[in-house]
$ cat entry_0.cif   # mmCIF, C-alpha atoms
data_work
#
loop_
_atom_site.label_atom_id
_atom_site.label_comp_id
_atom_site.auth_asym_id
_atom_site.auth_seq_id
_atom_site.Cartn_x
_atom_site.Cartn_y
_atom_site.Cartn_z
CA GLY A 55 23.13 -7.18 -11.50
CA THR A 56 19.97 -5.36 -12.52
CA ARG A 57 17.91 -7.03 -15.21
CA ILE A 58 16.99 -4.61 -18.01
CA LEU A 59 13.64 -5.34 -19.66
CA ASN A 60 12.57 -4.18 -23.09
CA LYS A 61 9.01 -2.91 -23.67
CA ASN A 62 7.50 -6.31 -24.51
CA GLN A 63 9.25 -7.99 -21.57
CA LEU A 64 8.06 -5.21 -19.26
CA MET A 65 4.46 -5.66 -20.43
CA LYS A 66 4.66 -9.41 -19.82
CA PHE A 67 6.26 -8.84 -16.43
CA PHE A 68 3.39 -6.50 -15.56
CA GLY A 69 1.04 -9.31 -16.59
CA PHE A 70 2.60 -11.36 -13.78
CA LYS A 71 1.92 -8.49 -11.38
CA LEU A 72 -1.70 -8.40 -12.51
CA VAL A 73 -2.22 -12.13 -12.00
CA ARG A 74 -0.64 -11.85 -8.53
CA PHE A 75 -3.11 -9.09 -7.71
CA ILE A 76 -6.15 -10.98 -9.00
CA ILE A 77 -5.39 -14.40 -7.54
CA LEU A 78 -3.92 -13.41 -4.19
CA MET A 79 -5.80 -10.23 -3.37
CA ILE A 80 -9.26 -11.45 -4.35
CA ALA A 81 -9.53 -15.19 -5.06
CA VAL A 82 -7.81 -16.54 -1.93
CA PRO A 83 -9.74 -14.42 0.64
CA LEU A 84 -13.07 -15.19 -1.04
CA TYR A 85 -12.37 -18.92 -1.05
CA HIS A 86 -11.49 -18.92 2.63
CA MET A 87 -14.66 -17.05 3.47
CA MET A 88 -16.57 -20.08 2.18
CA ILE A 89 -14.24 -22.67 3.73
CA TYR A 90 -13.91 -21.14 7.19
CA ALA A 91 -17.60 -20.37 7.48
CA GLY A 92 -18.15 -24.09 6.98
CA ILE A 93 -20.76 -23.52 4.29
CA ILE A 94 -19.55 -26.13 1.81
CA TYR A 95 -19.06 -28.76 4.52
CA MET A 96 -22.52 -28.32 6.03
CA PRO A 97 -25.52 -30.23 4.71
CA TYR A 98 -26.94 -28.55 1.62
CA ASN A 99 -28.36 -25.12 2.45
CA GLU A 100 -29.42 -21.89 0.72
CA LEU A 101 -25.80 -20.72 0.40
CA THR A 102 -24.18 -23.97 -0.76
CA THR A 103 -24.48 -23.21 -4.47
CA GLU A 104 -22.88 -19.76 -4.11
CA ALA A 105 -20.10 -21.22 -1.98
CA LEU A 106 -19.36 -23.95 -4.53
CA MET A 107 -19.32 -21.35 -7.31
CA VAL A 108 -16.56 -19.48 -5.47
CA CYS A 109 -14.56 -22.55 -4.41
CA SER A 110 -14.60 -24.39 -7.74
CA GLY A 111 -11.96 -22.21 -9.33
CA SER A 112 -10.46 -19.68 -6.95
CA ALA A 113 -7.93 -20.05 -4.14
CA ILE A 114 -6.41 -23.46 -4.86
CA VAL A 115 -6.12 -22.48 -8.52
CA ALA A 116 -4.51 -19.26 -7.29
CA ASP A 117 -2.02 -21.18 -5.14
CA TYR A 118 -0.84 -23.27 -8.06
CA ALA A 119 -0.74 -20.30 -10.44
CA PHE A 120 1.50 -18.56 -7.92
CA MET A 121 3.63 -21.70 -7.56
CA ALA A 122 3.97 -21.86 -11.34
CA MET A 123 5.01 -18.21 -11.46
CA SER A 124 7.55 -18.74 -8.67
CA ALA A 125 8.96 -21.78 -10.47
CA PHE A 126 9.13 -19.82 -13.73
CA PHE A 127 11.39 -17.16 -12.23
CA LEU A 128 13.55 -19.64 -10.30
CA LEU A 129 14.09 -21.67 -13.48
CA GLU A 130 15.34 -18.44 -15.10
CA SER A 131 17.57 -17.49 -12.16
CA LYS A 132 21.31 -17.90 -12.62
CA ARG A 133 24.35 -17.09 -10.47
CA LYS A 134 22.41 -15.22 -7.80
CA SER A 135 23.09 -15.54 -4.08
CA VAL A 136 20.81 -18.32 -2.86
CA ILE A 137 21.55 -17.72 0.81
CA SER A 138 20.89 -13.97 0.56
CA LYS A 139 17.57 -14.52 -1.22
CA PHE A 140 16.55 -17.16 1.32
CA LEU A 141 17.46 -15.02 4.35
CA ASN A 142 15.74 -11.89 3.02
CA LEU A 143 12.49 -13.74 2.39
CA SER A 144 12.79 -15.60 5.71
CA ALA A 145 13.14 -12.32 7.61
CA GLN A 146 10.06 -10.93 5.90
CA VAL A 147 8.08 -14.10 6.59
CA LEU A 148 9.22 -14.17 10.22
CA PHE A 149 8.04 -10.60 10.77
CA ILE A 150 4.63 -11.38 9.24
CA PHE A 151 4.44 -14.56 11.34
CA LEU A 152 5.09 -12.58 14.53
CA VAL A 153 2.33 -10.12 13.60
CA LYS A 154 0.01 -13.05 12.97
CA MET A 155 0.80 -14.77 16.27
CA ILE A 156 0.61 -11.56 18.34
CA THR A 157 -2.82 -10.84 16.86
CA ILE A 158 -4.26 -14.35 17.15
CA LYS A 159 -2.62 -15.51 20.38
CA GLY A 160 -2.07 -12.17 22.13
CA ILE A 161 -5.00 -9.93 21.26
CA LEU A 162 -7.87 -12.23 20.28
CA THR A 163 -9.35 -14.84 22.60
CA PHE A 164 -9.96 -18.40 21.42
CA PRO A 165 -10.73 -21.55 23.39
CA GLU A 166 -7.64 -23.61 24.17
CA GLY A 167 -6.93 -26.05 21.35
CA ASP A 168 -9.64 -24.58 19.13
CA PHE A 169 -9.71 -26.29 15.71
CA TYR A 170 -9.98 -23.05 13.75
CA VAL A 171 -6.96 -21.51 15.47
CA ARG A 172 -4.81 -24.59 15.06
CA ASP A 173 -5.62 -25.69 11.53
CA PHE A 174 -6.91 -22.58 9.79
CA PHE A 175 -5.83 -19.27 11.23
CA ILE A 176 -2.29 -20.36 12.15
CA LYS A 177 -1.55 -22.88 9.36
CA GLY A 178 -3.92 -22.03 6.54
CA SER A 179 -2.24 -20.63 3.43
CA TRP A 180 1.20 -20.79 5.05
CA TRP A 181 1.70 -24.30 3.68
CA PHE A 182 2.75 -22.61 0.43
CA ILE A 183 5.41 -20.34 1.92
CA TYR A 184 7.02 -23.11 3.99
CA ALA A 185 7.39 -25.28 0.89
CA TYR A 186 8.66 -22.28 -1.11
CA LEU A 187 11.40 -21.57 1.44
CA ILE A 188 12.66 -25.15 1.06
CA ILE A 189 12.57 -24.82 -2.73
CA LEU A 190 14.61 -21.60 -2.43
CA LEU A 191 17.41 -23.53 -0.72
CA ILE A 192 17.59 -26.28 -3.34
CA TYR A 193 16.36 -24.81 -6.63
CA PRO A 194 19.83 -24.64 -8.28
CA PHE A 195 20.15 -28.41 -7.79
CA LEU A 196 16.62 -28.97 -9.08
CA ASN A 197 17.48 -26.86 -12.14
CA ARG A 198 20.55 -29.01 -12.79
CA ILE A 199 18.39 -32.12 -12.84
CA ILE A 200 15.78 -30.49 -15.08
CA TYR A 201 18.32 -29.28 -17.64
CA ALA A 202 20.61 -32.33 -17.47
CA VAL A 203 18.25 -35.28 -17.94
CA LYS A 204 16.62 -36.22 -21.23
CA ARG A 205 13.12 -34.95 -21.83
CA TRP A 206 11.52 -38.40 -21.54
CA GLN A 207 13.29 -38.86 -18.20
CA LEU A 208 12.04 -35.48 -17.02
CA LEU A 209 8.53 -36.48 -18.08
CA GLY A 210 8.93 -39.68 -16.05
CA ILE A 211 9.90 -37.67 -12.96
CA CYS A 212 6.81 -35.48 -13.46
CA MET A 213 4.60 -38.56 -13.74
CA LEU A 214 6.03 -40.17 -10.58
CA LEU A 215 5.60 -36.96 -8.59
CA GLY A 216 2.13 -36.59 -10.13
CA VAL A 217 1.06 -40.05 -8.94
CA TRP A 218 2.29 -39.27 -5.42
CA PHE A 219 0.52 -35.91 -5.54
CA VAL A 220 -2.80 -37.43 -6.69
CA ILE A 221 -2.69 -40.16 -4.04
CA ASN A 222 -2.15 -37.50 -1.36
CA GLY A 223 -5.17 -35.60 -2.66
CA VAL A 224 -7.48 -38.60 -2.90
CA CYS A 225 -6.52 -39.78 0.57
CA ASN A 226 -6.60 -36.22 1.94
CA ASP A 227 -3.27 -37.00 3.58
CA VAL A 228 -2.22 -33.48 4.61
CA ASN A 229 1.23 -32.88 6.11
CA SER A 230 4.35 -30.78 5.50
CA LEU A 231 6.05 -33.41 3.33
CA HIS A 232 3.05 -33.61 1.01
CA ASP A 233 2.88 -29.80 0.88
CA PHE A 234 6.44 -29.91 -0.43
CA ILE A 235 5.56 -32.65 -2.92
CA ALA A 236 2.75 -30.46 -4.30
CA PHE A 237 5.21 -27.62 -4.92
CA LEU A 238 7.89 -29.99 -6.24
CA PHE A 239 5.43 -31.52 -8.73
CA THR A 240 4.48 -28.04 -9.97
CA TYR A 241 8.16 -27.09 -10.22
CA PHE A 242 9.07 -30.10 -12.36
CA VAL A 243 6.01 -29.63 -14.58
CA MET A 244 7.14 -26.04 -15.17
CA GLY A 245 10.65 -27.33 -15.83
CA TYR A 246 9.32 -29.74 -18.45
CA LEU A 247 7.30 -26.96 -20.07
CA LYS A 248 10.40 -24.79 -20.20
CA ARG A 249 12.45 -27.62 -21.73
CA THR A 250 9.79 -27.87 -24.44
CA GLU A 251 9.80 -24.06 -24.85
CA PHE A 252 6.23 -23.79 -23.55
CA LYS A 253 4.91 -24.94 -26.91
CA ARG A 254 2.34 -27.40 -25.57
CA TYR A 255 0.46 -28.05 -22.36
CA PHE A 256 -0.92 -31.57 -21.93
CA GLY A 257 -0.51 -32.10 -25.65
CA LEU A 258 -2.49 -28.96 -26.51
CA GLN A 259 -1.01 -25.94 -28.22
CA ASN A 260 -0.09 -23.30 -25.68
CA LYS A 261 -2.39 -20.45 -26.69
CA ARG A 262 -4.40 -18.11 -24.52
CA SER A 263 -7.66 -19.47 -25.91
CA THR A 264 -6.56 -23.01 -25.03
CA MET A 265 -5.70 -21.98 -21.49
CA ILE A 266 -9.11 -20.36 -21.11
CA VAL A 267 -10.78 -23.57 -22.29
CA ILE A 268 -8.75 -25.65 -19.80
CA TYR A 269 -9.71 -23.37 -16.92
CA VAL A 270 -13.38 -23.17 -17.90
CA MET A 271 -13.69 -26.93 -18.42
CA GLY A 272 -11.99 -27.60 -15.10
CA TYR A 273 -14.29 -25.14 -13.37
CA ILE A 274 -17.45 -26.62 -14.93
CA ILE A 275 -16.44 -30.20 -14.09
CA THR A 276 -15.56 -29.29 -10.50
CA PHE A 277 -18.71 -27.26 -9.88
CA ALA A 278 -21.00 -29.83 -11.54
CA VAL A 279 -19.57 -32.79 -9.63
CA LEU A 280 -19.66 -31.02 -6.27
CA LEU A 281 -23.17 -29.64 -6.74
CA TRP A 282 -24.37 -33.11 -7.79
CA ALA A 283 -22.67 -34.62 -4.74
CA LYS A 284 -24.07 -32.07 -2.28
CA HIS A 285 -27.58 -31.43 -3.61
CA PRO A 286 -30.20 -33.58 -1.81
CA LEU A 287 -32.17 -34.20 -5.03
CA THR A 288 -29.21 -35.73 -6.90
CA THR A 289 -26.68 -37.03 -4.42
CA PRO A 290 -26.36 -40.79 -3.84
CA PHE A 291 -23.94 -40.13 -0.94
CA GLU A 292 -24.12 -39.45 2.74
CA ASP A 293 -23.19 -35.84 3.51
CA ALA A 294 -19.93 -36.88 5.17
CA PHE A 295 -18.77 -38.60 1.97
CA ALA A 296 -19.93 -35.63 -0.13
CA SER A 297 -17.80 -33.36 2.04
CA ASP A 298 -14.81 -35.66 1.50
CA LEU A 299 -15.42 -35.37 -2.24
CA VAL A 300 -15.34 -31.59 -1.87
CA ARG A 301 -11.90 -31.88 -0.27
CA VAL A 302 -10.66 -34.04 -3.14
CA PHE A 303 -11.81 -31.58 -5.79
CA VAL A 304 -11.03 -28.25 -4.10
CA GLY A 305 -8.55 -29.29 -1.41
CA LYS A 306 -4.95 -28.14 -1.59
CA TYR A 307 -3.76 -31.37 -3.25
CA SER A 308 -6.38 -31.24 -6.00
CA PHE A 309 -4.90 -32.36 -9.33
CA ILE A 310 -7.58 -30.62 -11.37
CA GLN A 311 -7.04 -27.34 -9.50
CA CYS A 312 -3.30 -27.65 -10.11
CA ILE A 313 -3.85 -28.08 -13.86
CA MET A 314 -6.18 -25.07 -13.88
CA GLY A 315 -3.68 -23.00 -11.90
CA ILE A 316 -0.81 -23.65 -14.31
CA ALA A 317 -3.16 -22.83 -17.20
CA VAL A 318 -3.97 -19.48 -15.54
CA PHE A 319 -0.26 -18.72 -15.25
CA LEU A 320 0.40 -19.69 -18.88
CA PHE A 321 -2.45 -17.42 -19.99
CA PHE A 322 -0.93 -14.41 -18.26
CA ARG A 323 2.57 -15.38 -19.36
CA SER A 324 1.55 -14.88 -22.98
CA THR A 325 -0.43 -11.72 -22.26
CA GLU A 326 1.10 -8.28 -22.71
CA ILE A 327 -0.60 -5.73 -20.47
CA LYS A 328 -0.01 -2.01 -20.44
CA VAL A 329 1.70 -0.88 -17.25
CA ASN A 330 -0.68 0.77 -14.78
CA LYS A 331 0.71 2.46 -11.67
CA TRP A 332 -2.40 1.69 -9.59
CA ILE A 333 -2.29 -2.07 -10.18
CA ASN A 334 1.48 -1.95 -9.81
CA GLY A 335 1.06 -0.37 -6.39
CA LEU A 336 -1.63 -2.80 -5.32
CA ALA A 337 0.42 -5.79 -6.49
CA LYS A 338 3.19 -4.85 -4.05
CA ASN A 339 0.84 -5.68 -1.18
CA VAL A 340 -0.38 -9.08 -2.33
CA PHE A 341 2.30 -11.09 -0.53
CA TYR A 342 1.22 -9.51 2.75
CA VAL A 343 -2.46 -10.06 1.92
CA PHE A 344 -1.74 -13.70 1.11
CA LEU A 345 -0.07 -14.35 4.47
CA LEU A 346 -2.24 -12.09 6.63
CA HIS A 347 -5.78 -12.49 5.26
CA GLU A 348 -6.44 -15.32 7.71
CA THR A 349 -5.36 -13.06 10.57
CA VAL A 350 -8.00 -10.55 9.47
CA MET A 351 -10.44 -13.43 9.17
CA ALA A 352 -9.73 -14.39 12.78
CA ILE A 353 -10.92 -10.92 13.81
CA PHE A 354 -14.11 -11.34 11.76
CA TRP A 355 -14.51 -14.81 13.25
CA GLN A 356 -14.63 -13.31 16.72
CA PHE A 357 -17.72 -11.36 15.69
CA GLY A 358 -19.44 -14.36 14.14
CA LYS A 359 -19.07 -13.35 10.46
CA MET A 360 -16.70 -16.12 9.41
CA ARG A 361 -18.06 -19.14 11.18
CA THR A 362 -21.17 -21.25 11.42
CA MET A 363 -22.44 -21.50 14.99
CA ASP A 364 -24.96 -24.19 15.98
CA ASN A 365 -25.72 -24.76 12.28
CA VAL A 366 -26.78 -21.12 11.89
CA LEU A 367 -25.26 -19.61 8.74
CA PRO A 368 -23.20 -16.41 9.18
CA TYR A 369 -24.83 -14.86 6.08
CA ALA A 370 -28.53 -14.50 5.35
CA ASN A 371 -28.22 -14.64 1.56
CA GLY A 372 -25.87 -14.31 -1.39
CA TRP A 373 -26.00 -10.50 -1.34
CA GLU A 374 -24.84 -10.43 2.26
CA ILE A 375 -21.89 -12.63 1.25
CA VAL A 376 -20.99 -10.11 -1.47
CA ILE A 377 -21.17 -7.17 0.95
CA TRP A 378 -19.09 -8.89 3.60
CA ALA A 379 -16.64 -10.09 0.94
CA ILE A 380 -16.02 -6.49 -0.16
CA VAL A 381 -15.60 -5.35 3.44
CA TYR A 382 -13.31 -8.27 4.22
CA ILE A 383 -11.06 -7.80 1.15
CA LEU A 384 -10.74 -4.06 1.86
CA CYS A 385 -9.81 -4.82 5.48
CA CYS A 386 -7.22 -7.36 4.29
CA PHE A 387 -5.67 -4.78 1.99
CA VAL A 388 -5.57 -2.03 4.63
CA PHE A 389 -4.10 -4.35 7.27
CA ALA A 390 -1.52 -5.71 4.80
CA ARG A 391 -0.58 -2.19 3.68
CA ILE A 392 0.02 -1.09 7.28
CA ILE A 393 2.20 -4.12 8.06
CA ARG A 394 4.13 -3.67 4.80
CA PHE A 395 4.71 0.00 5.65
CA ILE A 396 6.07 -0.93 9.09
CA TYR A 397 8.38 -3.62 7.72
CA GLU A 398 9.72 -1.73 4.72
CA GLY A 399 9.91 1.60 6.51
CA LEU A 400 11.43 0.53 9.83
CA ILE A 401 12.91 -2.95 9.57
CA LYS A 402 13.83 -3.95 6.03
CA ASN A 403 16.96 -1.79 5.64
CA LEU A 404 18.41 -2.98 8.94
CA VAL A 405 17.71 -6.61 8.04
CA GLN A 406 19.26 -6.25 4.58
CA LYS A 407 22.40 -4.64 5.99
CA GLY A 408 22.80 -7.50 8.48
CA ILE A 409 22.21 -10.14 5.79
CA HIS A 410 24.64 -8.37 3.44
CA ARG A 411 27.39 -8.46 6.07
CA PHE A 412 26.62 -12.07 6.90
CA CYS A 413 26.70 -13.15 3.24
CA ASN A 414 30.05 -11.38 2.75
CA LEU A 415 31.70 -13.71 5.26
CA SER A 416 34.19 -15.92 3.44
CA ILE A 417 32.66 -19.17 4.70
CA ILE A 418 29.17 -18.11 3.55
CA GLN A 419 30.51 -17.09 0.13
CA LYS A 420 32.15 -20.50 -0.19
CA ILE A 421 28.88 -22.24 0.70
CA ASP A 422 26.99 -19.99 -1.74
CA SER A 423 29.46 -20.76 -4.53
CA VAL A 424 28.64 -24.48 -4.23
CA TYR A 425 25.20 -23.79 -5.66
CA TRP A 426 26.64 -22.53 -8.93
CA SER A 427 30.00 -24.36 -9.05
CA ARG A 428 28.98 -26.53 -11.98
CA GLU A 429 27.70 -23.57 -13.99
CA ALA A 430 30.95 -21.70 -13.34
CA SER A 431 33.04 -24.67 -14.52
CA GLU A 432 31.02 -24.91 -17.73
CA GLU A 433 31.51 -21.25 -18.64
#

$ encode --input "entry_0.cif" --output "structure tokens"
Amino acid sequence: GTRILNKNQLMKFFGFKLVRFIILMIAVPLYHMMIYAGIIYMPYNELTTEALMVCSGSAIVADYAFMAMSAFFLLESKRKSVISKFLNLSAQVLFIFLVKMITIKGILTFPEGDFYVRDFFIKGSWWFIYAYLIILLIYPFLNRIIYAVKRWQLLGICMLLGVWFVINGVCNDVNSLHDFIAFLFTYFVMGYLKRTEFKRYFGLQNKRSTMIVIYVMGYIITFAVLLWAKHPLTTPFEDAFASDLVRVFVGKYSFIQCIMGIAVFLFFRSTEIKVNKWINGLAKNVFYVFLLHETVMAIFWQFGKMRTMDNVLPYANGWEIVIWAIVYILCCFVFARIIRFIYEGLIKNLVQKGIHRFCNLSIIQKIDSVYWSREASEE
């Protein structure tokens, strides 16, 4: 059924829309400008400081804030069709994936086996959505565990997953299983916070001021450590080791970035924001921006504005980064808006009708009922 929100709930829900807009429309593209251009992995140069300032608290924080928000809503979800939700999102993701592959493989030209195509433009931020699709298929069972075990047992599960997560980050052991572990760790942390009614976060009172302090302290520590490690006047490391340290602190399995991301979500969770139709409209595009910004980046890459060639930086100074960042984000939004218009205007209704018929099959309804069989028996 339709969920009716009162005024306060609506204002909080709009706060979630705002955080989606900020973290996915702005933070993620900016971060990847610095990563894909290779600036923070090059020896220290005139743009390293600006790049580290962007990367120390942007996209990876945004990823985990979005994971926390996704977990928050799934933990609240009850007696909804799991298969229908999974298939609808899968259809949307598949369409975006086809657009991505047609653009990168069909229109643009890259050398065979090129590193950027394989590991950045094709994979990139999609590690999140693949893990999320798996979570969508199993979240009712995860919720049963979270609500059934004692709180100290739930804390133990969080700690075990946390140790695994940290080891993956320190070792920079990147694969699909560890992507899933990152999301699973975030999910169980959110489950523990919900079991404790979101009263405390890492022993600290859950207030907006506290969440700001956590984010700012995490940002300062990350930026200071990375600048110390990269700057030739302070670093005791070879540049290769300094670059590995960058991956530990701002890579996708970064524990400190995860903590900052959840803090960002908790800040917006407790913030009531007046509804604004412009931000509401922009927020509807962020999912497409999140999954397509690397496709736009591939186009920029072709023209030499997103890559470092022969150790020549793609930007002359910090102001040029700002100008290109504005151009790039606007292009991401326009491209995402066009693709969203095509999907929702021409394809979505047909897909939903097909999924609705499929989910009304008796065998599918029986499978779907398994997800909530225990809840039904307890009512």

$ atom_distance --input "entry_0.cif" --atom1 "atom CA of A:Tyr342" --atom2 "atom CA of A:Pro194"
26.4 Å

$ atom_distance --input "entry_0.cif" --atom1 "atom CA of A:Lys420" --atom2 "atom CA of A:Phe126"
26.7 Å

$ closest_residue --input "entry_0.cif" --among "A:Arg205, A:Lys407, A:Met265, A:Phe303" --to "A:Thr250" --atoms "all atoms listed in the file"
A:Arg205

$ residues_around --input "entry_0.cif" --residues "stretch 181-190 of chain A" --least-positions-apart "3" --cutoff "10 Å" --atoms "all atoms listed in the file" --output "PyMOL selection string"
chain A and resi 117-118+120-121+124-125+128+136-137+139-141+143-144+147+177-178+193-196+229-238+241+306+344-345

$ residues_around --input "entry_0.cif" --residues "A:Ile211" --least-positions-apart "2" --cutoff "12 Å" --atoms "all atoms listed in the file" --output "NGL selection string"
:A and (196 or 199-200 or 203-209 or 213-218 or 238-243 or 245-246)

$ atom_distance --input "entry_0.cif" --atom1 "atom CA of A:Tyr269" --atom2 "atom CA of A:Met314"
5.0 Å

$ residues_around --input "entry_0.cif" --residues "A:Tyr307" --least-positions-apart "2" --cutoff "7 Å" --atoms "all atoms listed in the file" --output "mmCIF file with C-alpha atoms, in the coordinates of the input"
data_model
loop_
_atom_site.group_PDB
_atom_site.id
_atom_site.type_symbol
_atom_site.label_atom_id
_atom_site.label_comp_id
_atom_site.auth_asym_id
_atom_site.auth_seq_id
_atom_site.Cartn_x
_atom_site.Cartn_y
_atom_site.Cartn_z
ATOM 1 C CA PHE A 219 0.520 -35.910 -5.540
ATOM 2 C CA ASN A 222 -2.150 -37.500 -1.360
ATOM 3 C CA GLY A 223 -5.170 -35.600 -2.660
ATOM 4 C CA ALA A 236 2.750 -30.460 -4.300
ATOM 5 C CA GLY A 305 -8.550 -29.290 -1.410
ATOM 6 C CA PHE A 309 -4.900 -32.360 -9.330
#

$ resolve_selection --input "entry_0.cif" --expression "the PyMOL selection byres ((chain A and resi 399-403) around 12)" --output "list of chain:residue names"
A:Leu141, A:Asn142, A:Leu143, A:Ser144, A:Ala145, A:Gln146, A:Val147, A:Leu148, A:Phe149, A:Ile150, A:Arg391, A:Ile392, A:Ile393, A:Arg394, A:Phe395, A:Ile396, A:Tyr397, A:Glu398, A:Leu404, A:Val405, A:Gln406, A:Lys407, A:Gly408, A:Ile409, A:His410

$ closest_residue --input "entry_0.cif" --among "A:Ile268, A:Trp378, A:Leu101, A:Arg249" --to "A:Ala202" --atoms "all atoms listed in the file"
A:Arg249

$ closest_residue --input "entry_0.cif" --among "A:Thr163, A:Asn260, A:Thr289, A:Ser110" --to "A:Leu247" --atoms "all atoms listed in the file"
A:Asn260

$ resolve_selection --input "entry_0.cif" --expression "the PyMOL selection byres ((chain A and resi 316-322) around 6)" --output "PyMOL selection string"
chain A and resi 69+119+122+262+265+313-315+323-325

$ write_last_selection --input "entry_0.cif" --atoms "C-alpha atoms" --output "PDB file, keeping the file's coordinate frame"
ATOM      1  CA  GLY A  69       1.040  -9.310 -16.590  1.00  0.00           C
ATOM      2  CA  ALA A 119      -0.740 -20.300 -10.440  1.00  0.00           C
ATOM      3  CA  ALA A 122       3.970 -21.860 -11.340  1.00  0.00           C
ATOM      4  CA  ARG A 262      -4.400 -18.110 -24.520  1.00  0.00           C
ATOM      5  CA  MET A 265      -5.700 -21.980 -21.490  1.00  0.00           C
ATOM      6  CA  ILE A 313      -3.850 -28.080 -13.860  1.00  0.00           C
ATOM      7  CA  MET A 314      -6.180 -25.070 -13.880  1.00  0.00           C
ATOM      8  CA  GLY A 315      -3.680 -23.000 -11.900  1.00  0.00           C
ATOM      9  CA  ARG A 323       2.570 -15.380 -19.360  1.00  0.00           C
ATOM     10  CA  SER A 324       1.550 -14.880 -22.980  1.00  0.00           C
ATOM     11  CA  THR A 325      -0.430 -11.720 -22.260  1.00  0.00           C
TER      12      THR A 325
END

$ resolve_selection --input "entry_0.cif" --expression "the PyMOL selection byres ((chain A and resi 157) around 12)" --output "number ranges by chain"
A: 150-156, 158-164, 171, 175-176, 346, 348-353, 389

$ write_last_selection --input "entry_0.cif" --atoms "C-alpha atoms" --output "tab-separated table (two decimals), in the coordinates of the input"
chain	number	residue	atom	x	y	z
A	150	ILE	CA	4.63	-11.38	9.24
A	151	PHE	CA	4.44	-14.56	11.34
A	152	LEU	CA	5.09	-12.58	14.53
A	153	VAL	CA	2.33	-10.12	13.60
A	154	LYS	CA	0.01	-13.05	12.97
A	155	MET	CA	0.80	-14.77	16.27
A	156	ILE	CA	0.61	-11.56	18.34
A	158	ILE	CA	-4.26	-14.35	17.15
A	159	LYS	CA	-2.62	-15.51	20.38
A	160	GLY	CA	-2.07	-12.17	22.13
A	161	ILE	CA	-5.00	-9.93	21.26
A	162	LEU	CA	-7.87	-12.23	20.28
A	163	THR	CA	-9.35	-14.84	22.60
A	164	PHE	CA	-9.96	-18.40	21.42
A	171	VAL	CA	-6.96	-21.51	15.47
A	175	PHE	CA	-5.83	-19.27	11.23
A	176	ILE	CA	-2.29	-20.36	12.15
A	346	LEU	CA	-2.24	-12.09	6.63
A	348	GLU	CA	-6.44	-15.32	7.71
A	349	THR	CA	-5.36	-13.06	10.57
A	350	VAL	CA	-8.00	-10.55	9.47
A	351	MET	CA	-10.44	-13.43	9.17
A	352	ALA	CA	-9.73	-14.39	12.78
A	353	ILE	CA	-10.92	-10.92	13.81
A	389	PHE	CA	-4.10	-4.35	7.27

$ closest_residue --input "entry_0.cif" --among "A:Lys132, A:Lys338, A:Lys284, A:Arg198" --to "A:Asp298" --atoms "only C-alpha atoms"
A:Lys284

$ residues_around --input "entry_0.cif" --residues "A:Val343" --least-positions-apart "4" --cutoff "7 Å" --atoms "only C-alpha atoms" --output "list in words"
Met79, Asn339, His347, Cys386, Phe387 and Ala390 of chain A

$ write_last_selection --input "entry_0.cif" --atoms "C-alpha atoms" --output "PDB file, keeping the file's coordinate frame"
ATOM      1  CA  MET A  79      -5.800 -10.230  -3.370  1.00  0.00           C
ATOM      2  CA  ASN A 339       0.840  -5.680  -1.180  1.00  0.00           C
ATOM      3  CA  HIS A 347      -5.780 -12.490   5.260  1.00  0.00           C
ATOM      4  CA  CYS A 386      -7.220  -7.360   4.290  1.00  0.00           C
ATOM      5  CA  PHE A 387      -5.670  -4.780   1.990  1.00  0.00           C
ATOM      6  CA  ALA A 390      -1.520  -5.710   4.800  1.00  0.00           C
TER       7      ALA A 390
END

$ closest_residue --input "entry_0.cif" --among "A:Phe354, A:Tyr255, A:Trp426, A:Trp282" --to "A:Val300" --atoms "only C-alpha atoms"
A:Trp282

$ closest_residue --input "entry_0.cif" --among "A:Ser263, A:Gln356, A:Ser179, A:Ser138" --to "A:Leu415" --atoms "all atoms listed in the file"
A:Ser138
